[in-house]
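> This is the content of coords33.cif (mmCIF, C-alpha atoms):
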data_work
loop_
_atom_site.group_PDB
_atom_site.id
_atom_site.type_symbol
_atom_site.label_atom_id
_atom_site.label_comp_id
_atom_site.auth_asym_id
_atom_site.auth_seq_id
_atom_site.Cartn_x
_atom_site.Cartn_y
_atom_site.Cartn_z
ATOM 1 C CA MET A 1 11.696 13.585 0.384
ATOM 2 C CA THR A 2 9.933 16.424 2.131
ATOM 3 C CA ALA A 3 8.125 19.369 0.616
ATOM 4 C CA GLY A 4 7.031 22.300 2.713
ATOM 5 C CA SER A 5 3.349 23.093 2.892
ATOM 6 C CA GLY A 6 3.880 26.788 3.522
ATOM 7 C CA ARG A 7 4.115 26.390 7.295
ATOM 8 C CA ALA A 8 7.128 25.149 9.220
ATOM 9 C CA THR A 9 4.891 22.986 11.416
ATOM 10 C CA SER A 10 3.263 21.088 8.539
ATOM 11 C CA ARG A 11 5.297 18.859 6.205
ATOM 12 C CA ARG A 12 4.766 16.397 3.372
ATOM 13 C CA LEU A 13 6.515 13.046 3.103
ATOM 14 C CA ARG A 14 6.748 11.208 -0.213
ATOM 15 C CA PHE A 15 6.962 7.445 -0.765
ATOM 16 C CA ASP A 16 7.725 5.993 -4.226
ATOM 17 C CA GLY A 17 7.157 2.309 -4.828
ATOM 18 C CA TRP A 18 4.582 -0.419 -5.271
ATOM 19 C CA ILE A 19 1.416 -1.566 -3.499
ATOM 20 C CA ALA A 20 0.145 -5.120 -3.999
ATOM 21 C CA GLY A 21 -3.411 -5.832 -2.852
ATOM 22 C CA LEU A 22 -4.681 -9.394 -2.958
ATOM 23 C CA GLY A 23 -7.048 -11.840 -1.333
ATOM 24 C CA THR A 24 -6.781 -15.563 -0.688
ATOM 25 C CA SER A 25 -9.416 -18.268 -0.933
ATOM 26 C CA GLN A 26 -9.130 -18.868 2.837
ATOM 27 C CA GLY A 27 -10.403 -15.315 3.407
ATOM 28 C CA THR A 28 -7.218 -13.444 4.318
ATOM 29 C CA ARG A 29 -6.528 -10.138 2.561
ATOM 30 C CA LEU A 30 -2.993 -8.784 2.195
ATOM 31 C CA VAL A 31 -1.533 -5.406 1.252
ATOM 32 C CA LEU A 32 2.195 -5.218 0.546
ATOM 33 C CA GLY A 33 3.935 -1.862 0.430
ATOM 34 C CA HIS A 34 7.366 -1.961 -1.225
ATOM 35 C CA TRP A 35 9.110 1.433 -1.019
ATOM 36 C CA PRO A 36 12.552 1.722 -2.679
ATOM 37 C CA ARG A 37 12.439 5.486 -1.989
ATOM 38 C CA SER A 38 11.009 6.941 1.206
ATOM 39 C CA PRO A 39 11.954 9.253 4.100
ATOM 40 C CA PHE A 40 12.953 6.042 5.955
ATOM 41 C CA GLY A 41 15.131 4.730 3.144
ATOM 42 C CA SER A 42 14.186 1.555 1.299
ATOM 43 C CA PHE A 43 11.756 -0.660 3.207
ATOM 44 C CA SER A 44 8.699 -2.884 2.829
ATOM 45 C CA ASP A 45 5.715 -3.537 5.071
ATOM 46 C CA VAL A 46 2.754 -5.899 4.987
ATOM 47 C CA MET A 47 -0.781 -5.257 6.232
ATOM 48 C CA VAL A 48 -2.898 -8.355 6.859
ATOM 49 C CA GLU A 49 -6.612 -8.649 7.575
ATOM 50 C CA ARG A 50 -7.606 -12.092 8.808
ATOM 51 C CA PRO A 51 -11.001 -13.720 8.058
ATOM 52 C CA ASP A 52 -12.191 -12.811 11.580
ATOM 53 C CA GLY A 53 -11.367 -9.132 10.963
ATOM 54 C CA GLU A 54 -8.114 -8.927 12.938
ATOM 55 C CA ARG A 55 -5.771 -6.377 11.336
ATOM 56 C CA LEU A 56 -2.022 -6.913 11.610
ATOM 57 C CA LEU A 57 1.000 -4.881 10.519
ATOM 58 C CA PHE A 58 4.432 -6.345 9.819
ATOM 59 C CA ALA A 59 7.142 -3.659 9.558
ATOM 60 C CA PRO A 60 10.937 -3.958 9.649
ATOM 61 C CA THR A 61 11.835 -1.330 12.256
ATOM 62 C CA ARG A 62 10.187 0.372 15.218
ATOM 63 C CA GLU A 63 10.412 3.686 13.335
ATOM 64 C CA THR A 64 8.547 2.412 10.269
ATOM 65 C CA ALA A 65 6.064 0.490 12.436
ATOM 66 C CA ASP A 66 5.269 3.634 14.449
ATOM 67 C CA PHE A 67 4.807 5.714 11.314
ATOM 68 C CA VAL A 68 2.572 3.233 9.484
ATOM 69 C CA SER A 69 0.498 2.462 12.595
ATOM 70 C CA GLY A 70 0.137 6.210 13.158
ATOM 71 C CA THR A 71 -1.332 6.545 9.654
ATOM 72 C CA TYR A 72 -3.507 3.396 9.521
ATOM 73 C CA VAL A 73 -5.394 1.305 12.081
ATOM 74 C CA PHE A 74 -4.260 -2.131 13.319
ATOM 75 C CA ASP A 75 -5.107 -4.495 16.128
ATOM 76 C CA THR A 76 -1.563 -5.910 16.293
ATOM 77 C CA VAL A 77 1.762 -4.377 15.238
ATOM 78 C CA CYS A 78 4.790 -6.655 14.752
ATOM 79 C CA VAL A 79 8.370 -5.478 14.183
ATOM 80 C CA VAL A 80 9.966 -8.245 12.111
ATOM 81 C CA PRO A 81 12.326 -8.454 9.124
ATOM 82 C CA VAL A 82 10.368 -7.955 5.885
ATOM 83 C CA ASP A 83 12.232 -9.377 2.910
ATOM 84 C CA VAL A 84 10.987 -8.775 -0.652
ATOM 85 C CA ARG A 85 12.603 -10.411 -3.674
ATOM 86 C CA ILE A 86 11.570 -9.672 -7.252
ATOM 87 C CA ASP A 87 12.464 -11.973 -10.136
ATOM 88 C CA GLY A 88 10.745 -10.855 -13.320
ATOM 89 C CA ASP A 89 7.001 -11.210 -12.754
ATOM 90 C CA THR A 90 7.425 -13.168 -9.493
ATOM 91 C CA TRP A 91 7.452 -11.511 -6.061
ATOM 92 C CA THR A 92 8.493 -13.435 -2.938
ATOM 93 C CA VAL A 93 7.846 -11.962 0.513
ATOM 94 C CA ALA A 94 8.869 -13.183 3.979
ATOM 95 C CA ALA A 95 7.565 -11.255 7.003
ATOM 96 C CA GLY A 96 7.709 -13.055 10.342
ATOM 97 C CA PRO A 97 5.046 -15.815 10.274
ATOM 98 C CA LEU A 98 3.877 -14.784 6.782
ATOM 99 C CA LEU A 99 5.263 -16.266 3.576
ATOM 100 C CA LEU A 100 3.870 -14.922 0.299
ATOM 101 C CA ARG A 101 4.583 -15.528 -3.351
ATOM 102 C CA PHE A 102 2.653 -13.994 -6.234
ATOM 103 C CA THR A 103 3.020 -13.496 -9.961
ATOM 104 C CA THR A 104 1.795 -10.671 -12.155
ATOM 105 C CA GLY A 105 0.356 -10.739 -15.673
ATOM 106 C CA ARG A 106 0.389 -8.361 -18.614
ATOM 107 C CA ARG A 107 -0.931 -4.876 -17.971
ATOM 108 C CA GLY A 108 -4.329 -4.020 -19.400
ATOM 109 C CA LEU A 109 -5.718 -0.791 -20.814
ATOM 110 C CA LEU A 110 -5.829 0.994 -17.443
ATOM 111 C CA GLY A 111 -2.205 0.101 -16.764
ATOM 112 C CA LEU A 112 -1.190 1.443 -20.170
ATOM 113 C CA LEU A 113 -3.084 4.684 -19.529
ATOM 114 C CA LEU A 114 -1.459 5.139 -16.111
ATOM 115 C CA ARG A 115 2.012 4.590 -17.574
ATOM 116 C CA ALA A 116 1.301 7.394 -20.064
ATOM 117 C CA VAL A 117 0.817 9.948 -17.247
ATOM 118 C CA PRO A 118 4.057 11.965 -16.812
ATOM 119 C CA GLY A 119 5.801 11.124 -13.549
ATOM 120 C CA PRO A 120 5.978 14.728 -12.263
ATOM 121 C CA LEU A 121 2.208 15.073 -12.801
ATOM 122 C CA ALA A 122 1.370 11.727 -11.153
ATOM 123 C CA ARG A 123 3.342 12.762 -8.065
ATOM 124 C CA ARG A 124 1.331 15.945 -7.514
ATOM 125 C CA PRO A 125 -1.378 15.784 -4.809
ATOM 126 C CA ALA A 126 -3.618 17.939 -7.021
ATOM 127 C CA TRP A 127 -3.593 15.173 -9.663
ATOM 128 C CA SER A 128 -4.535 12.569 -7.031
ATOM 129 C CA ALA A 129 -7.405 14.784 -5.899
ATOM 130 C CA LEU A 130 -8.601 15.115 -9.492
ATOM 131 C CA THR A 131 -8.583 11.343 -10.078
ATOM 132 C CA ASP A 132 -10.348 10.447 -6.812
ATOM 133 C CA VAL A 133 -13.888 10.420 -8.236
ATOM 134 C CA PRO A 134 -13.025 8.434 -11.408
ATOM 135 C CA ALA A 135 -11.111 5.915 -9.259
ATOM 136 C CA ARG A 136 -14.119 5.390 -7.010
ATOM 137 C CA VAL A 137 -16.376 4.870 -10.021
ATOM 138 C CA LEU A 138 -14.054 2.453 -11.822
ATOM 139 C CA MET A 139 -12.889 0.585 -8.686
ATOM 140 C CA PRO A 140 -15.424 0.752 -5.821
ATOM 141 C CA GLY A 141 -13.741 1.157 -2.452
ATOM 142 C CA VAL A 142 -10.589 2.713 -3.906
ATOM 143 C CA ARG A 143 -9.718 6.274 -2.908
ATOM 144 C CA THR A 144 -6.796 8.356 -4.128
ATOM 145 C CA ARG A 145 -7.052 10.983 -1.385
ATOM 146 C CA GLY A 146 -8.403 11.128 2.149
ATOM 147 C CA SER A 147 -7.760 11.716 5.838
ATOM 148 C CA ALA A 148 -5.429 9.208 7.458
ATOM 149 C CA GLY A 149 -4.758 8.533 11.125
ATOM 150 C CA GLY A 150 -3.314 11.156 13.442
ATOM 151 C CA SER A 151 -5.028 13.954 11.464
ATOM 152 C CA ARG A 152 -2.735 13.257 8.524
ATOM 153 C CA GLU A 153 -3.824 13.665 4.907
ATOM 154 C CA GLU A 154 -2.796 11.291 2.145
ATOM 155 C CA TRP A 155 -2.712 11.222 -1.672
ATOM 156 C CA TYR A 156 -2.044 8.276 -3.993
ATOM 157 C CA GLY A 157 -0.736 8.907 -7.502
ATOM 158 C CA ALA A 158 -0.963 5.655 -9.501
ATOM 159 C CA ARG A 159 1.582 5.236 -12.303
ATOM 160 C CA ASP A 160 1.115 1.631 -13.424
ATOM 161 C CA LEU A 161 -1.210 -1.332 -12.777
ATOM 162 C CA LEU A 162 -0.534 -5.034 -13.261
ATOM 163 C CA PRO A 163 -2.956 -7.882 -12.527
ATOM 164 C CA VAL A 164 -1.957 -10.468 -9.928
ATOM 165 C CA ARG A 165 -2.455 -13.882 -11.537
ATOM 166 C CA THR A 166 -1.333 -16.433 -8.935
ATOM 167 C CA VAL A 167 -0.818 -16.414 -5.173
ATOM 168 C CA SER A 168 0.614 -18.907 -2.713
ATOM 169 C CA ALA A 169 0.759 -17.885 0.942
ATOM 170 C CA SER A 170 0.997 -19.298 4.437
ATOM 171 C CA PHE A 171 0.580 -17.810 7.910
ATOM 172 C CA GLU A 172 2.135 -19.535 10.925
ATOM 173 C CA GLY A 173 2.552 -22.598 8.735
ATOM 174 C CA GLY A 174 -1.101 -22.718 7.663
ATOM 175 C CA ASP A 175 -1.965 -22.538 3.958
ATOM 176 C CA LEU A 176 -3.997 -19.439 3.056
ATOM 177 C CA GLY A 177 -5.176 -20.789 -0.285
ATOM 178 C CA GLY A 178 -4.941 -19.408 -3.789
ATOM 179 C CA VAL A 179 -5.698 -16.028 -5.297
ATOM 180 C CA ALA A 180 -9.132 -14.527 -4.610
ATOM 181 C CA PRO A 181 -10.801 -11.087 -4.739
ATOM 182 C CA VAL A 182 -10.129 -8.604 -1.952
ATOM 183 C CA ASP A 183 -13.584 -9.111 -0.486
ATOM 184 C CA PRO A 184 -14.668 -7.732 1.889
ATOM 185 C CA PRO A 185 -12.562 -4.583 1.446
ATOM 186 C CA VAL A 186 -9.683 -4.071 3.856
ATOM 187 C CA ARG A 187 -10.220 -1.671 6.763
ATOM 188 C CA PHE A 188 -6.817 -0.203 7.517
ATOM 189 C CA GLY A 189 -7.538 3.353 6.420
ATOM 190 C CA PHE A 190 -9.911 5.592 4.484
ATOM 191 C CA GLY A 191 -9.994 3.341 1.407
ATOM 192 C CA SER A 192 -9.292 -0.164 0.173
ATOM 193 C CA VAL A 193 -7.172 -1.605 -2.615
ATOM 194 C CA PRO A 194 -8.903 -2.735 -5.847
ATOM 195 C CA ARG A 195 -11.211 -5.738 -5.439
ATOM 196 C CA THR A 196 -9.396 -7.513 -8.266
ATOM 197 C CA PRO A 197 -5.884 -8.477 -7.036
ATOM 198 C CA ALA A 198 -3.347 -6.090 -8.526
ATOM 199 C CA LEU A 199 0.109 -4.581 -8.214
ATOM 200 C CA THR A 200 0.124 -0.785 -8.492
ATOM 201 C CA ARG A 201 3.098 1.507 -9.076
ATOM 202 C CA VAL A 202 2.383 4.504 -6.895
ATOM 203 C CA THR A 203 3.684 7.709 -5.383
ATOM 204 C CA THR A 204 2.146 8.294 -1.963
ATOM 205 C CA THR A 205 2.265 11.714 -0.307
ATOM 206 C CA VAL A 206 1.449 12.088 3.397
ATOM 207 C CA ARG A 207 0.877 15.533 4.880
ATOM 208 C CA LEU A 208 1.665 15.532 8.567
ATOM 209 C CA ALA A 209 -0.468 17.362 11.066
ATOM 210 C CA PRO A 210 1.119 20.422 12.726
ATOM 211 C CA GLY A 211 3.395 19.263 15.522
ATOM 212 C CA ASP A 212 3.661 15.702 14.164
ATOM 213 C CA GLY A 213 7.332 15.011 14.851
ATOM 214 C CA ARG A 214 8.168 12.629 12.046
ATOM 215 C CA PRO A 215 11.311 12.425 9.880
ATOM 216 C CA SER A 216 12.140 15.218 7.464
#
As structure tokens, what does this structure read like?


Amino acid sequence: MTAGSGRATSRRLRFDGWIAGLGTSQGTRLVLGHWPRSPFGSFSDVMVERPDGERLLFAPTRETADFVSGTYVFDTVCVVPVDVRIDGDTWTVAAGPLLLRFTTGRRGLLGLLLRAVPGPLARRPAWSALTDVPARVLMPGVRTRGSAGGSREEWYGARDLLPVRTVSASFEGGDLGGVAPVDPPVRFGFGSVPRTPALTRVTTTVRLAPGDGRPS
């Protein structure tokens, strides 16, 4: 899962999976990362931004929590089991005090176009750099490349896009309401997820800064 950058002290890590970005009518915004293939093995994490602006991370191990919190910014980091179950178009997520269930709809034109991009091309950082400007024009707030935390660089190569149709969620037993736009944008990193709730198939590449001792 690692590609050399031409220097032994700088490495690239690749994550293949899905990112779900959605809002709730109570004002909470959620970003689920589901990574069947990663340098850490298969894992999932959830980023939560509360209506008051508090940013929380739920990750399943200290190793994944340290990596994600070293790439993005959070006020609170929680190491808890993160369980994701997929049954057709229904996703069910349990992460500590957070329970989430959402369903996806039929892909639209953009999803069909993304699926037509060859996988090897979509995984290349150069392709992500090329699509950064169109992504920002079509989906304000979205970036496909940028500088992450700890002097890391990051590229997102989207390969599919499905709309999120319904959401039911609770936090510490309190109902978060139904599906709503991701508004205001989330503030975990250099960009947000699309304003319209969506599930994106993505390959994420993270280039570590020299001396960043992360897994190879």

> Compare A:Arg207, A:Arg62, A:Arg55, A:Arg11 by their minimum atom-to-atom distance to A:Phe40, counting all atoms listed in the file, and give me the closest one.

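Using all atoms listed in the file, the shortest distance to A:Phe40 belongs to A:Arg62.
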
> Which is closer to A:Pro163 than all the others in A:Leu199, A:Val46, A:Leu56, A:Val179, using all atoms listed in the file?

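Looking at the shortest contact to A:Pro163, the residue is A:Leu199.
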
> If the PyMOL selection byres ((chain A and resi 38) around 7) is run on the structure shown, which residues does it catch, given as an MDAnalysis selection string?

chainID A and resid 1 14:16 35:37 39:42

> Starting from the shown file, work through the PyMOL selection byres ((chain A and resi 18) around 10) and note down what comes out as a PyMOL selection string.

chain A and resi 15-17+19-21+32-36+44+158-161+199-204

> Ranking A:Gly70, A:Pro194, A:Pro120, A:Pro125 by minimum distance to A:Val31 and counting only C-alpha atoms, which one comes first?

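Of A:Gly70, A:Pro194, A:Pro120, A:Pro125, the one nearest A:Val31, counting only C-alpha atoms, is A:Pro194.
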
> Can stretch 74-98 of chain A be brought up to N, CA and C atoms and written out as a PDB file, in the coordinates of the input?


ATOM      1  N   PHE A  74      -4.548  -0.709  13.179  1.00  0.00           N
ATOM      2  CA  PHE A  74      -4.260  -2.131  13.319  1.00  0.00           C
ATOM      3  C   PHE A  74      -4.617  -2.596  14.727  1.00  0.00           C
ATOM      4  N   ASP A  75      -4.896  -3.886  14.814  1.00  0.00           N
ATOM      5  CA  ASP A  75      -5.107  -4.495  16.128  1.00  0.00           C
ATOM      6  C   ASP A  75      -3.791  -4.989  16.717  1.00  0.00           C
ATOM      7  N   THR A  76      -2.860  -5.390  15.855  1.00  0.00           N
ATOM      8  CA  THR A  76      -1.563  -5.910  16.293  1.00  0.00           C
ATOM      9  C   THR A  76      -0.477  -5.356  15.391  1.00  0.00           C
ATOM     10  N   VAL A  77       0.609  -4.892  15.985  1.00  0.00           N
ATOM     11  CA  VAL A  77       1.762  -4.377  15.238  1.00  0.00           C
ATOM     12  C   VAL A  77       2.973  -5.230  15.584  1.00  0.00           C
ATOM     13  N   CYS A  78       3.636  -5.778  14.568  1.00  0.00           N
ATOM     14  CA  CYS A  78       4.790  -6.655  14.752  1.00  0.00           C
ATOM     15  C   CYS A  78       6.002  -6.063  14.050  1.00  0.00           C
ATOM     16  N   VAL A  79       7.109  -5.914  14.775  1.00  0.00           N
ATOM     17  CA  VAL A  79       8.370  -5.478  14.183  1.00  0.00           C
ATOM     18  C   VAL A  79       9.181  -6.724  13.856  1.00  0.00           C
ATOM     19  N   VAL A  80       9.269  -7.043  12.576  1.00  0.00           N
ATOM     20  CA  VAL A  80       9.966  -8.245  12.111  1.00  0.00           C
ATOM     21  C   VAL A  80      10.687  -7.916  10.808  1.00  0.00           C
ATOM     22  N   PRO A  81      11.719  -8.657  10.448  1.00  0.00           N
ATOM     23  CA  PRO A  81      12.326  -8.454   9.124  1.00  0.00           C
ATOM     24  C   PRO A  81      11.290  -8.695   8.026  1.00  0.00           C
ATOM     25  N   VAL A  82      11.258  -7.806   7.044  1.00  0.00           N
ATOM     26  CA  VAL A  82      10.368  -7.955   5.885  1.00  0.00           C
ATOM     27  C   VAL A  82      11.251  -7.991   4.649  1.00  0.00           C
ATOM     28  N   ASP A  83      11.354  -9.167   4.056  1.00  0.00           N
ATOM     29  CA  ASP A  83      12.232  -9.377   2.910  1.00  0.00           C
ATOM     30  C   ASP A  83      11.397  -9.526   1.649  1.00  0.00           C
ATOM     31  N   VAL A  84      11.696  -8.715   0.633  1.00  0.00           N
ATOM     32  CA  VAL A  84      10.987  -8.775  -0.652  1.00  0.00           C
ATOM     33  C   VAL A  84      12.000  -9.045  -1.752  1.00  0.00           C
ATOM     34  N   ARG A  85      11.734 -10.078  -2.550  1.00  0.00           N
ATOM     35  CA  ARG A  85      12.603 -10.411  -3.674  1.00  0.00           C
ATOM     36  C   ARG A  85      11.769 -10.433  -4.946  1.00  0.00           C
ATOM     37  N   ILE A  86      12.290  -9.792  -5.986  1.00  0.00           N
ATOM     38  CA  ILE A  86      11.570  -9.672  -7.252  1.00  0.00           C
ATOM     39  C   ILE A  86      12.402 -10.331  -8.341  1.00  0.00           C
ATOM     40  N   ASP A  87      11.804 -11.280  -9.042  1.00  0.00           N
ATOM     41  CA  ASP A  87      12.464 -11.973 -10.136  1.00  0.00           C
ATOM     42  C   ASP A  87      11.513 -11.977 -11.329  1.00  0.00           C
ATOM     43  N   GLY A  88      11.657 -10.983 -12.192  1.00  0.00           N
ATOM     44  CA  GLY A  88      10.745 -10.855 -13.320  1.00  0.00           C
ATOM     45  C   GLY A  88       9.335 -10.546 -12.840  1.00  0.00           C
ATOM     46  N   ASP A  89       8.385 -11.439 -13.164  1.00  0.00           N
ATOM     47  CA  ASP A  89       7.001 -11.210 -12.754  1.00  0.00           C
ATOM     48  C   ASP A  89       6.654 -11.918 -11.448  1.00  0.00           C
ATOM     49  N   THR A  90       7.661 -12.433 -10.731  1.00  0.00           N
ATOM     50  CA  THR A  90       7.425 -13.168  -9.493  1.00  0.00           C
ATOM     51  C   THR A  90       7.956 -12.395  -8.296  1.00  0.00           C
ATOM     52  N   TRP A  91       7.101 -12.188  -7.304  1.00  0.00           N
ATOM     53  CA  TRP A  91       7.452 -11.511  -6.061  1.00  0.00           C
ATOM     54  C   TRP A  91       7.401 -12.522  -4.922  1.00  0.00           C
ATOM     55  N   THR A  92       8.441 -12.551  -4.097  1.00  0.00           N
ATOM     56  CA  THR A  92       8.493 -13.435  -2.938  1.00  0.00           C
ATOM     57  C   THR A  92       8.696 -12.585  -1.693  1.00  0.00           C
ATOM     58  N   VAL A  93       7.844 -12.793  -0.691  1.00  0.00           N
ATOM     59  CA  VAL A  93       7.846 -11.962   0.513  1.00  0.00           C
ATOM     60  C   VAL A  93       7.911 -12.861   1.744  1.00  0.00           C
ATOM     61  N   ALA A  94       8.799 -12.509   2.683  1.00  0.00           N
ATOM     62  CA  ALA A  94       8.869 -13.183   3.979  1.00  0.00           C
ATOM     63  C   ALA A  94       8.772 -12.115   5.055  1.00  0.00           C
ATOM     64  N   ALA A  95       7.775 -12.233   5.936  1.00  0.00           N
ATOM     65  CA  ALA A  95       7.565 -11.255   7.003  1.00  0.00           C
ATOM     66  C   ALA A  95       7.109 -11.992   8.258  1.00  0.00           C
ATOM     67  N   GLY A  96       8.065 -12.335   9.127  1.00  0.00           N
ATOM     68  CA  GLY A  96       7.709 -13.055  10.342  1.00  0.00           C
ATOM     69  C   GLY A  96       7.006 -14.361  10.013  1.00  0.00           C
ATOM     70  N   PRO A  97       5.770 -14.556  10.517  1.00  0.00           N
ATOM     71  CA  PRO A  97       5.046 -15.815  10.274  1.00  0.00           C
ATOM     72  C   PRO A  97       4.397 -15.903   8.900  1.00  0.00           C
ATOM     73  N   LEU A  98       4.529 -14.834   8.089  1.00  0.00           N
ATOM     74  CA  LEU A  98       3.877 -14.784   6.782  1.00  0.00           C
ATOM     75  C   LEU A  98       4.875 -15.064   5.666  1.00  0.00           C
TER      76      LEU A  98
END
